[in-house]
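Trainee: I am sharing upload39.tsv, which consists of TSV, C-alpha atoms:
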chain	number	residue	atom	x	y	z
A	1	MET	CA	-32.66	-22.30	-30.42
A	2	LEU	CA	-35.51	-24.73	-30.10
A	3	GLY	CA	-35.53	-28.50	-30.42
A	4	PHE	CA	-37.56	-30.40	-33.00
A	5	ASN	CA	-40.31	-30.98	-30.41
A	6	ASP	CA	-40.80	-27.20	-30.21
A	7	ILE	CA	-41.30	-26.75	-33.97
A	8	ILE	CA	-44.91	-26.64	-35.10
A	9	GLY	CA	-45.65	-28.31	-38.43
A	10	HIS	CA	-43.24	-30.07	-40.76
A	11	GLU	CA	-43.84	-33.37	-38.93
A	12	GLU	CA	-42.86	-35.48	-41.95
A	13	ILE	CA	-39.60	-33.59	-42.48
A	14	ILE	CA	-38.76	-33.71	-38.77
A	15	ARG	CA	-39.46	-37.45	-38.75
A	16	HIS	CA	-37.13	-37.85	-41.77
A	17	LEU	CA	-34.32	-35.86	-40.11
A	18	LYS	CA	-34.66	-37.68	-36.78
A	19	ASN	CA	-34.68	-41.03	-38.57
A	20	ALA	CA	-31.48	-40.09	-40.43
A	21	ILE	CA	-29.81	-39.36	-37.09
A	22	GLN	CA	-31.17	-42.46	-35.38
A	23	THR	CA	-30.17	-44.84	-38.19
A	24	GLU	CA	-26.84	-43.04	-38.70
A	25	LYS	CA	-27.72	-42.35	-42.34
A	26	VAL	CA	-27.13	-38.61	-42.40
A	27	SER	CA	-26.85	-37.44	-45.99
A	28	HIS	CA	-23.95	-35.26	-47.07
A	29	SER	CA	-26.30	-32.70	-48.64
A	30	TYR	CA	-29.87	-31.50	-48.24
A	31	ILE	CA	-32.05	-28.91	-49.94
A	32	PHE	CA	-34.62	-27.23	-47.69
A	33	THR	CA	-37.02	-25.54	-50.08
A	34	GLY	CA	-40.11	-23.49	-49.33
A	35	ASP	CA	-41.64	-20.05	-49.27
A	36	PRO	CA	-39.98	-17.26	-47.28
A	37	GLY	CA	-40.84	-17.67	-43.61
A	38	SER	CA	-41.63	-21.39	-43.92
A	39	GLY	CA	-39.01	-22.40	-41.35
A	40	LYS	CA	-36.01	-23.41	-43.48
A	41	LYS	CA	-33.44	-21.68	-41.28
A	42	LEU	CA	-35.07	-22.92	-38.07
A	43	LEU	CA	-35.14	-26.54	-39.26
A	44	ALA	CA	-31.60	-26.38	-40.66
A	45	GLY	CA	-30.26	-24.80	-37.46
A	46	THR	CA	-32.04	-27.34	-35.26
A	47	TYR	CA	-30.77	-30.21	-37.39
A	48	ALA	CA	-27.20	-28.87	-37.26
A	49	MET	CA	-27.40	-28.39	-33.49
A	50	THR	CA	-28.80	-31.92	-33.02
A	51	LEU	CA	-26.07	-33.46	-35.17
A	52	GLN	CA	-23.40	-31.74	-33.08
A	53	CYS	CA	-25.02	-32.33	-29.65
A	54	GLU	CA	-22.76	-34.25	-27.28
A	55	GLU	CA	-25.75	-36.23	-25.94
A	56	GLY	CA	-26.10	-37.93	-29.32
A	57	GLY	CA	-29.92	-38.11	-29.40
A	58	THR	CA	-32.53	-37.02	-31.90
A	59	GLU	CA	-33.13	-33.74	-30.03
A	60	PRO	CA	-30.50	-31.20	-29.01
A	61	CYS	CA	-30.04	-31.22	-25.23
A	62	GLY	CA	-29.47	-27.46	-25.09
A	63	HIS	CA	-27.05	-27.83	-22.18
A	64	CYS	CA	-23.83	-29.39	-23.48
A	65	ASP	CA	-20.92	-27.26	-24.63
A	66	SER	CA	-21.74	-27.93	-28.29
A	67	CYS	CA	-25.39	-26.88	-27.91
A	68	LYS	CA	-24.39	-23.74	-26.01
A	69	LYS	CA	-22.02	-22.79	-28.82
A	70	ALA	CA	-24.74	-23.44	-31.42
A	71	ILE	CA	-27.27	-21.36	-29.46
A	72	GLY	CA	-24.71	-18.56	-29.20
A	73	LYS	CA	-24.08	-18.84	-32.96
A	74	ASN	CA	-20.36	-19.35	-32.40
A	75	HIS	CA	-19.97	-23.09	-33.03
A	76	PRO	CA	-16.77	-23.59	-35.05
A	77	ASP	CA	-18.23	-26.55	-36.95
A	78	ILE	CA	-21.58	-24.99	-37.91
A	79	ILE	CA	-20.74	-22.49	-40.62
A	80	ILE	CA	-23.18	-20.01	-42.14
A	81	ILE	CA	-22.03	-19.45	-45.73
A	82	ASP	CA	-21.75	-16.13	-47.51
A	83	GLU	CA	-19.14	-16.88	-50.18
A	84	ILE	CA	-19.29	-20.41	-51.60
A	85	ARG	CA	-15.90	-20.58	-53.22
A	86	GLU	CA	-14.04	-19.20	-50.22
A	87	GLN	CA	-15.94	-20.76	-47.36
A	88	ILE	CA	-16.84	-24.25	-48.55
A	89	ILE	CA	-14.43	-25.11	-51.33
A	90	ASN	CA	-11.32	-23.92	-49.46
A	91	ASP	CA	-12.51	-25.05	-46.01
A	92	VAL	CA	-14.17	-28.44	-46.51
A	93	ASP	CA	-10.93	-30.43	-46.42
A	94	ILE	CA	-10.16	-29.16	-42.91
A	95	LYS	CA	-11.58	-31.66	-40.41
A	96	PRO	CA	-14.11	-30.53	-37.78
A	97	TYR	CA	-12.56	-28.79	-34.79
A	98	CYS	CA	-14.54	-30.39	-32.01
A	99	SER	CA	-17.53	-32.24	-33.47
A	100	PRO	CA	-18.39	-35.29	-35.53
A	101	TYR	CA	-19.63	-33.15	-38.43
A	102	LYS	CA	-18.71	-29.95	-40.19
A	103	ILE	CA	-22.01	-28.40	-41.24
A	104	TYR	CA	-22.42	-25.68	-43.86
A	105	ILE	CA	-25.71	-23.76	-44.03
A	106	VAL	CA	-26.22	-21.84	-47.28
A	107	ALA	CA	-29.20	-19.47	-47.10
A	108	ASN	CA	-30.69	-18.23	-50.39
A	109	ALA	CA	-28.78	-20.91	-52.29
A	110	GLU	CA	-30.74	-20.12	-55.46
A	111	LEU	CA	-28.84	-16.81	-55.66
A	112	MET	CA	-25.53	-18.60	-56.36
A	113	ASN	CA	-24.39	-17.99	-59.90
A	114	PRO	CA	-23.76	-21.04	-62.12
A	115	GLN	CA	-19.99	-20.83	-61.50
A	116	ALA	CA	-20.47	-21.00	-57.73
A	117	GLN	CA	-22.94	-23.87	-58.10
A	118	ASN	CA	-20.53	-25.79	-60.32
A	119	ALA	CA	-17.74	-25.21	-57.80
A	120	LEU	CA	-20.02	-26.55	-55.06
A	121	LEU	CA	-21.01	-29.54	-57.19
A	122	LYS	CA	-17.59	-31.21	-56.89
A	123	THR	CA	-17.83	-31.03	-53.09
A	124	ILE	CA	-21.36	-32.46	-53.15
A	125	GLU	CA	-20.26	-35.28	-55.47
A	126	GLU	CA	-17.17	-36.20	-53.44
A	127	PRO	CA	-17.71	-34.91	-49.90
A	128	PRO	CA	-15.50	-35.74	-46.94
A	129	GLU	CA	-17.32	-38.15	-44.61
A	130	TYR	CA	-17.80	-35.45	-41.97
A	131	ALA	CA	-19.28	-32.73	-44.23
A	132	VAL	CA	-23.01	-31.92	-44.28
A	133	ILE	CA	-24.23	-29.16	-46.62
A	134	LEU	CA	-27.68	-27.63	-46.04
A	135	LEU	CA	-28.89	-25.56	-48.98
A	136	LEU	CA	-31.86	-23.30	-48.16
A	137	THR	CA	-33.87	-21.95	-51.08
A	138	ASN	CA	-37.11	-20.13	-51.83
A	139	ASN	CA	-36.85	-21.16	-55.50
A	140	ILE	CA	-35.72	-24.72	-56.21
A	141	GLY	CA	-35.64	-23.88	-59.94
A	142	GLY	CA	-32.72	-21.54	-59.24
A	143	LEU	CA	-30.48	-24.52	-58.47
A	144	LEU	CA	-28.82	-26.47	-61.24
A	145	PRO	CA	-30.44	-29.87	-61.94
A	146	THR	CA	-27.10	-31.53	-61.15
A	147	ILE	CA	-27.15	-29.99	-57.65
A	148	GLN	CA	-30.79	-30.97	-57.12
A	149	SER	CA	-30.20	-34.58	-58.16
A	150	ARG	CA	-27.40	-35.08	-55.64
A	151	CYS	CA	-29.17	-33.72	-52.56
A	152	VAL	CA	-31.98	-34.94	-50.33
A	153	ARG	CA	-34.84	-32.55	-51.08
A	154	LEU	CA	-37.14	-31.50	-48.23
A	155	ASP	CA	-40.16	-29.43	-49.31
A	156	LEU	CA	-41.53	-27.19	-46.57
A	157	LYS	CA	-45.17	-26.16	-46.68
Hey, can you dump this file as structure tokens for me?
Mentor:
Amino acid sequence: MLGFNDIIGHEEIIRHLKNAIQTEKVSHSYIFTGDPGSGKKLLAGTYAMTLQCEEGGTEPCGHCDSCKKAIGKNHPDIIIIDEIREQIINDVDIKPYCSPYKIYIVANAELMNPQAQNALLKTIEEPPEYAVILLLTNNIGGLLPTIQSRCVRLDLK
């Protein structure tokens, strides 16, 4: 996994994410929206890795235990979501195992049916302080307006 300095483009979004880390104003939920192949997963993964990095900077060090786990895709507090109801709703109240945050990455979030989105909405409205939810979507219109209004929206070009 690369650091933010290795990602080409998206300078404004990277600046926003780094600033959130630096000022300790990490939002509980983000929407990364853009065309397929625009870098949503790369940015979300890099952000998650940086948030969990033991060095505590605005770039992942790539060497600490947390970064190694993230690179190996086996970090217990960076969770790739397949089933919303099971994985977020039933898991979010369990504190992080070894990190300051528990990060959920939901690829193709626009494919969630309205019931799943409404179930997720309660968590987004009243998240535990350690939870960060990253919704990745190719079609922002596929997300309920109530979800959109409660998340920081980052439009990738």
Trainee: Smallest atom-to-atom distance to Phe4 in chain A: which of A:Gly34, A:Ile78, A:Ala20, A:Gly45, using all atoms listed in the file?
Mentor: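 Looking at the shortest contact to Phe4 in chain A, the residue is A:Gly45.
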Trainee: Considering only C-alpha atoms, give me a table of residues in range 114-145 of chain A that are at most 12 Å from range 52-67 of chain A, with the closest atom pair and distance in Å for each, as CSV.
Mentor:
residue,atom,partner,partner_atom,distance
A:Tyr130,CA,A:Gln52,CA,11.1
A:Ala131,CA,A:Gln52,CA,11.9
A:Val132,CA,A:Gln52,CA,11.2
Trainee: Of the candidates A:Val152, A:Leu111, A:Val106, A:Leu144, which shows the shortest atom-to-atom distance to Lys40 in chain A, using only C-alpha atoms?
Mentor: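 Looking at the shortest contact to Lys40 in chain A, the residue is A:Val106.
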Trainee: Find the distance between CA of Ile31 in chain A and CA of Gln115 in chain A and write it in Å to one decimal.
Mentor: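 Straight-line distance from CA of Ile31 in chain A to CA of Gln115 in chain A works out to 18.6 Å.
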Trainee: Measuring atom to atom with all atoms listed in the file, identify which of A:Ile147, A:Ile79, A:Leu135, A:Leu17 is nearest to Leu121 in chain A.
Mentor: A:Ile147
Trainee: In Å to one decimal, how far is CA of Gly9 in chain A from CA of Gly142 in chain A?
Mentor: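 CA of Gly9 in chain A lies 25.4 Å from CA of Gly142 in chain A.
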Trainee: Could you jot down the CA of Pro36 in chain A to CA of Ile8 in chain A separation for me, Å, one decimal place?
Mentor: 16.1 Å
Trainee: Would you please work out which residue, of A:Tyr101, A:Thr46, A:Pro127, A:Arg153, is nearest to Lys18 in chain A when using all atoms listed in the file?
Mentor: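 Checking each of A:Tyr101, A:Thr46, A:Pro127, A:Arg153 against Lys18 in chain A, counting all atoms listed in the file, the winner is A:Thr46.
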Trainee: Tell me which protein, DNA and RNA residues are within 8 Å of range 80-82 of chain A, counting all atoms listed in the file, leaving out same-chain ones fewer than 4 positions away, and put them as a VMD selection string.
Mentor: chain A and resid 87 to 88 104 to 107
Trainee: What's the 12 Å shell around Glu86 in chain A, counting only C-alpha atoms, without same-chain residues fewer than 6 positions away, as a list in words?
Mentor: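 Neighbouring residues, sequence-local ones excluded: Val92, Ala116, Ala119 and Leu120 of chain A.
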Trainee: Near range 73-76 of chain A, counting all atoms listed in the file, which residues have an atom at most 8 Å away, once you skip same-chain residues fewer than 4 positions from it, shown as a list in words?
Mentor: Ser66, Lys69, Pro96, Tyr97 and Cys98 of chain A
Trainee: Rank A:Leu51, A:Thr33, A:Leu42, A:Asn90 by their smallest atom-to-atom distance to Ala109 in chain A, using all atoms listed in the file, and report the top residue only.
Mentor: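 Comparing A:Leu51, A:Thr33, A:Leu42, A:Asn90 against Ala109 in chain A, the winner is A:Thr33.
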Trainee: Select, from A:Ala70, A:Leu2, A:Ile133, A:Met49, the residue with the minimum atom-to-atom distance to Ile89 in chain A, counting all atoms listed in the file.
Mentor: A:Ile133
Trainee: With 4 Å on each side, where is the centre of the axis-aligned box around all listed atoms of range 94-102 of chain A, and how long are its edges in Å to one decimal, as lines of an AutoDock Vina configuration file?
Mentor:
center_x = -14.9
center_y = -32.0
center_z = -37.5
size_x = 17.5
size_y = 14.5
size_z = 18.9
Trainee: Within 12 Å of Pro145 in chain A, counting all atoms listed in the file, which residues show up once you throw out same-chain ones fewer than 3 positions away? Write them as a PyMOL selection string, please.
Mentor: chain A and resi 110+114+117-118+121+140-142+148-151
